[in-house]
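Below: the structure, in structure tokens.
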Amino acid sequence: MGHLISGRRSVPAFRTEVEARAGCGVLACFQCGKCGAGCPLQEHLDYSPSQIIHLIRLGQEETVLASKAIWLCASCETCTTRCPQGVDIARVMDAARSLAFDRRVPSAVPSVPSFYKATRANLMKFGRMFEVWLLASLKLRTGDITKDMDLGRKMMAKRKLNLFPTWNRVWETRAIFKRVARIEKERAAERAADTQSGSGSAGGAAASPREGGPGNASGGGNS
Amino acid sequence: MKFAYFPGCSLHSTSSEYDKSFRAVCAALGIELEEPKKWICCGTTPAHATSRLLGAALPVKNLRIMEEQGMTEVVVPCAACFSRFKCADHDIGKDPQLAADVAQAIGAEYGRTVKIRHPLELFLREDVRAILRQKVARPLAGLKVACYYGCLLTRPPEVTQFDDTEYPMSMDLLLRDLGAETIDWAYKVECCGASLSLTNSDIILDLTRKIILDAKARGALALVVACPLCHVNLDSRQFQAEEKYQTRLEMPVLFFSQLIGLALGLSGKELGTDKHLTDPSAILSAVQA
């Protein structure tokens, strides 16, 4: 597992950034470990979900963004569903990987961000998933040309893969991607200004724990 | 009865048999389906894992497309699309800032008028269930199956509002109506690894093996699924798991819509059972015998 704490980091900048991106807080976590106990990927992770949550609270940005755990999370939502404190752990994982993705932090599982990039590019090109193109571009990105050739052949034989794409609302889809990027830039600038002026409250109301969850001690409280 | 129908990308390609069987069953029951024109991908994991806003904007764009086309209730068979739609709808209802950002991103206001349903909810409506019971031509008697729900139908419960989150029974009840026996087992809502399929297949094969072995140990003749991602991991990758673990799994994996179709007397071909990579013929002959 390695050392949990390394270097110094001013707390809450990293935590508040993750909370704002997740739309939920992490302070309610009392480290019971229920999230890891039910996680189907647990044995493949370097840090358990509750350790990731704690690292975020400690401001251990480098450790979190370099972890395998944030990329291997399958978004199955078991942790989120079972958390007794209402922490939306699956969203926090999304928030951490989106931060690593945007900042181009080298990934501990590089094929996963390659898959994200290939899929996003695919959607901007066709508006829908065109699997053959996606698989080919993923192979080019990861360099693993021979992977799943057996599966691909069998699926082709069963005509489970379309050989030709369809194009649907491509310009509208591209416009959505562009506007999303612009809006997110604006929001990030607002958050940065907030932090500098010292009034930062981690995304305000959005940073409360998941609805229905007990305890509102988390929130995006000022530290 | 008429519903909007959002197949999603998978039902147009890797799981076309889910699309085919669902349409065939609806036609047999007198349920009319209308696909919205020019829908786009819901964004799936690569959207929500890289941007919360994008993950909400793409499903809401589709809901807005349906609203524009006068649709009020949509059936979404793909569990991943279903989850993304439900989640986006839930989030914009709860977070006004996100709703405003989504409206800006898609360049339109969405009035949240489209209800989102999974086909299992549809078939368990009392009126539909009554028609279904009436039309059973070939009861599934003696067919012992394991209903596999996976992750996204029931989780998180306040978002999907679908059945019990830890031990759902909707698919079991539906198939029991048709005469099948459904088993109690431990992996009903375990994750198959979903979108890690393309990048970390070794993990998928491990999860696939565990799920199938539990169903097998409890005497199930087949797994029944309601999600195209589950189907690819459990059916199409099953031969890889057999090779990797040097074991014989031989577990047919059917979509629940295919079993409904068989009970209604439709042929395997009409339901796309020839599309599976793991041979389902043992099940077909058991039903047709």
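A note on labels: chains of the structure tokens are A, B, ... as shown, every chain counts residues from 1, and ligands are counted from 1 in their shown order.
Here is the contact set of chain B against chain A, at 6 Å and counting only C-alpha atoms: Cys9, Ser13, Thr14, Lys38, Ile40, Cys41, Pro46, Ala49, Thr50, Ala105, Ile106, Cys151, Arg155, Pro156, Gly193, Thr199 and Lys275 of chain B.
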Those same residues, written as a compact mmCIF listing (two decimals), in the first residue's frame with C-alpha atoms?
# COMPACT_ATOMS: atom_id res chain seq x y z
CA CYS B 9 -25.68 2.42 -29.29
CA SER B 13 -24.74 -3.19 -32.75
CA THR B 14 -23.21 -5.56 -30.17
CA LYS B 38 -31.56 11.26 -34.60
CA ILE B 40 -27.19 10.58 -29.86
CA CYS B 41 -25.06 8.50 -27.48
CA PRO B 46 -16.16 8.18 -20.78
CA ALA B 49 -15.82 10.00 -15.69
CA THR B 50 -14.24 13.01 -17.38
CA ALA B 105 -24.39 23.37 -22.89
CA ILE B 106 -27.24 21.95 -24.97
CA CYS B 151 -25.22 -2.64 -11.08
CA ARG B 155 -28.09 1.66 -7.87
CA PRO B 156 -28.10 4.20 -6.41
CA GLY B 193 -16.83 -4.80 -14.57
CA THR B 199 -9.19 -1.93 -21.22
CA LYS B 275 -26.41 -14.14 -32.17
Using only C-alpha atoms, find each residue in range 72-161 of chain B having at least one atom no more than 6 Å away from range 168-190 of chain B; report its shortest atom-to-atom pair and that distance in Å (one decimal), rows by chain then rising number, as a Markdown table.
| residue | atom | partner | partner_atom | distance |
| --- | --- | --- | --- | --- |
| B:Pro139 | CA | B:Gly179 | CA | 5.2 |
| B:Leu140 | CA | B:Gly179 | CA | 4.7 |
| B:Ala141 | CA | B:Gly179 | CA | 4.8 |
| B:Leu143 | CA | B:Ala180 | CA | 5.0 |
| B:Lys144 | CA | B:Glu181 | CA | 4.7 |
| B:Val145 | CA | B:Thr182 | CA | 5.0 |
| B:Ala146 | CA | B:Ile183 | CA | 5.4 |
| B:Tyr148 | CA | B:Lys188 | CA | 4.8 |
| B:Tyr149 | CA | B:Val189 | CA | 5.4 |
| B:Gly150 | CA | B:Val189 | CA | 4.4 |
| B:Cys151 | CA | B:Val189 | CA | 5.7 |
Create the file for the chosen residues now, containing N, CA and C atoms and written as an mmCIF file, in the first residue's frame.
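Writing the result to result06.cif gives the following:
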data_model
loop_
_atom_site.group_PDB
_atom_site.id
_atom_site.type_symbol
_atom_site.label_atom_id
_atom_site.label_comp_id
_atom_site.auth_asym_id
_atom_site.auth_seq_id
_atom_site.Cartn_x
_atom_site.Cartn_y
_atom_site.Cartn_z
ATOM 1 N N PRO B 139 -45.343 -22.244 -21.734
ATOM 2 C CA PRO B 139 -44.812 -21.927 -20.396
ATOM 3 C C PRO B 139 -43.371 -22.427 -20.243
ATOM 4 N N LEU B 140 -42.599 -21.684 -19.475
ATOM 5 C CA LEU B 140 -41.178 -22.030 -19.321
ATOM 6 C C LEU B 140 -40.985 -23.053 -18.195
ATOM 7 N N ALA B 141 -41.936 -23.954 -18.034
ATOM 8 C CA ALA B 141 -41.893 -24.914 -16.927
ATOM 9 C C ALA B 141 -40.605 -25.736 -16.951
ATOM 10 N N LEU B 143 -37.683 -24.732 -16.394
ATOM 11 C CA LEU B 143 -36.497 -23.947 -16.743
ATOM 12 C C LEU B 143 -35.986 -23.225 -15.499
ATOM 13 N N LYS B 144 -34.797 -23.632 -15.061
ATOM 14 C CA LYS B 144 -34.233 -23.056 -13.844
ATOM 15 C C LYS B 144 -33.168 -22.034 -14.231
ATOM 16 N N VAL B 145 -33.425 -20.771 -13.930
ATOM 17 C CA VAL B 145 -32.503 -19.726 -14.366
ATOM 18 C C VAL B 145 -32.102 -18.805 -13.215
ATOM 19 N N ALA B 146 -30.965 -18.117 -13.414
ATOM 20 C CA ALA B 146 -30.510 -17.122 -12.449
ATOM 21 C C ALA B 146 -30.700 -15.739 -13.051
ATOM 22 N N TYR B 148 -29.864 -12.045 -13.353
ATOM 23 C CA TYR B 148 -28.713 -11.203 -13.024
ATOM 24 C C TYR B 148 -29.064 -9.745 -13.337
ATOM 25 N N TYR B 149 -29.049 -8.906 -12.314
ATOM 26 C CA TYR B 149 -29.463 -7.508 -12.477
ATOM 27 C C TYR B 149 -28.285 -6.568 -12.680
ATOM 28 N N GLY B 150 -27.100 -6.987 -12.221
ATOM 29 C CA GLY B 150 -25.932 -6.127 -12.356
ATOM 30 C C GLY B 150 -26.051 -4.876 -11.512
ATOM 31 N N CYS B 151 -25.353 -3.831 -11.932
ATOM 32 C CA CYS B 151 -25.217 -2.642 -11.085
ATOM 33 C C CYS B 151 -26.285 -1.585 -11.285
#
Residues flagged helix (DSSP H, G or I) by DSSP in chain A, as a ChimeraX atom specification | /A:13-22,34-38,42-44,49-57,61-65,69-72,78-82,89-102,111-126,131-142,149-157,170-196,204-207
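Proximity to Ile92 in chain B was assessed for B:Val74, B:Ile204, B:Asp164, B:Glu109 counting only C-alpha atoms; the smallest distance is recorded for B:Glu109.
Here CA of Gln97 in chain B is placed at a distance of 12.2 Å from CA of Arg52 in chain B.
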Between CA of Phe85 in chain B and CA of Leu63 in chain B, what is the distance, to one decimal in Å?
-> 8.0 Å
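The residue that comes closest to Pro59 in chain B, out of B:Glu32, B:Lys135, B:Gly8, B:Pro77 and on the basis of only C-alpha atoms, is B:Gly8.
Between CA of Asp206 in chain B and CA of His48 in chain B the separation is 25.2 Å.
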Skipping near chain neighbours, those fewer than 2 positions away, what residues fall within 9 Å of Ala24 in chain B using only C-alpha atoms, listed as a PDB file with N, CA and C atoms, in the first residue's frame?
ATOM      1  N   ASP B  19     -32.442  -5.737 -28.927  1.00  0.00           N
ATOM      2  CA  ASP B  19     -33.338  -4.850 -29.660  1.00  0.00           C
ATOM      3  C   ASP B  19     -34.403  -5.668 -30.384  1.00  0.00           C
ATOM      4  N   LYS B  20     -33.933  -6.693 -31.101  1.00  0.00           N
ATOM      5  CA  LYS B  20     -34.831  -7.512 -31.909  1.00  0.00           C
ATOM      6  C   LYS B  20     -35.886  -8.205 -31.036  1.00  0.00           C
ATOM      7  N   SER B  21     -35.434  -8.805 -29.927  1.00  0.00           N
ATOM      8  CA  SER B  21     -36.370  -9.556 -29.094  1.00  0.00           C
ATOM      9  C   SER B  21     -37.324  -8.621 -28.351  1.00  0.00           C
ATOM     10  N   PHE B  22     -36.818  -7.469 -27.921  1.00  0.00           N
ATOM     11  CA  PHE B  22     -37.692  -6.527 -27.215  1.00  0.00           C
ATOM     12  C   PHE B  22     -38.784  -6.008 -28.150  1.00  0.00           C
ATOM     13  N   CYS B  26     -42.816  -6.694 -27.748  1.00  0.00           N
ATOM     14  CA  CYS B  26     -43.747  -5.568 -27.672  1.00  0.00           C
ATOM     15  C   CYS B  26     -44.802  -5.673 -28.768  1.00  0.00           C
ATOM     16  N   ALA B  27     -44.366  -6.050 -29.967  1.00  0.00           N
ATOM     17  CA  ALA B  27     -45.314  -6.192 -31.077  1.00  0.00           C
ATOM     18  C   ALA B  27     -46.352  -7.263 -30.731  1.00  0.00           C
ATOM     19  N   ALA B  28     -45.884  -8.376 -30.165  1.00  0.00           N
ATOM     20  CA  ALA B  28     -46.806  -9.475 -29.825  1.00  0.00           C
ATOM     21  C   ALA B  28     -47.806  -9.056 -28.740  1.00  0.00           C
ATOM     22  N   LEU B  29     -47.398  -8.112 -27.895  1.00  0.00           N
ATOM     23  CA  LEU B  29     -48.274  -7.684 -26.796  1.00  0.00           C
ATOM     24  C   LEU B  29     -49.110  -6.454 -27.163  1.00  0.00           C
ATOM     25  N   SER B 257     -35.880 -10.452 -22.401  1.00  0.00           N
ATOM     26  CA  SER B 257     -36.863 -10.272 -23.480  1.00  0.00           C
ATOM     27  C   SER B 257     -36.909 -11.503 -24.387  1.00  0.00           C
ATOM     28  N   GLY B 261     -40.175 -13.806 -25.109  1.00  0.00           N
ATOM     29  CA  GLY B 261     -40.524 -14.159 -26.487  1.00  0.00           C
ATOM     30  C   GLY B 261     -40.726 -15.652 -26.658  1.00  0.00           C
ATOM     31  N   LEU B 266     -42.688 -17.299 -29.799  1.00  0.00           N
ATOM     32  CA  LEU B 266     -41.852 -16.834 -30.909  1.00  0.00           C
ATOM     33  C   LEU B 266     -40.662 -17.781 -31.086  1.00  0.00           C
ATOM     34  N   GLU B 270     -36.510 -15.393 -34.471  1.00  0.00           N
ATOM     35  CA  GLU B 270     -37.197 -14.101 -34.329  1.00  0.00           C
ATOM     36  C   GLU B 270     -36.663 -13.309 -33.140  1.00  0.00           C
ATOM     37  N   LEU B 271     -36.019 -14.012 -32.204  1.00  0.00           N
ATOM     38  CA  LEU B 271     -35.537 -13.375 -30.978  1.00  0.00           C
ATOM     39  C   LEU B 271     -34.023 -13.210 -30.974  1.00  0.00           C
TER      40      LEU B 271
END
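In this comparison, which uses only C-alpha atoms, the residue of B:Ser83, B:Gln258, B:Ser15, B:Gln69 approaching Leu277 in chain B most closely is B:Ser15.
The smallest atom-to-atom distance between Pro165 in chain A and any of A:Met149, A:Leu134, A:Ala69, A:Ala193, using only C-alpha atoms, is found for A:Leu134.
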Measuring atom to atom with only C-alpha atoms, identify which of B:Leu58, B:Ala282, B:Ala130, B:Val76 is nearest to Ala103 in chain B.
-> B:Leu58
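The residue that comes closest to Leu98 in chain B, out of A:Arg191, A:Cys32, A:Pro12, A:Ala20 and on the basis of only C-alpha atoms, is A:Ala20.
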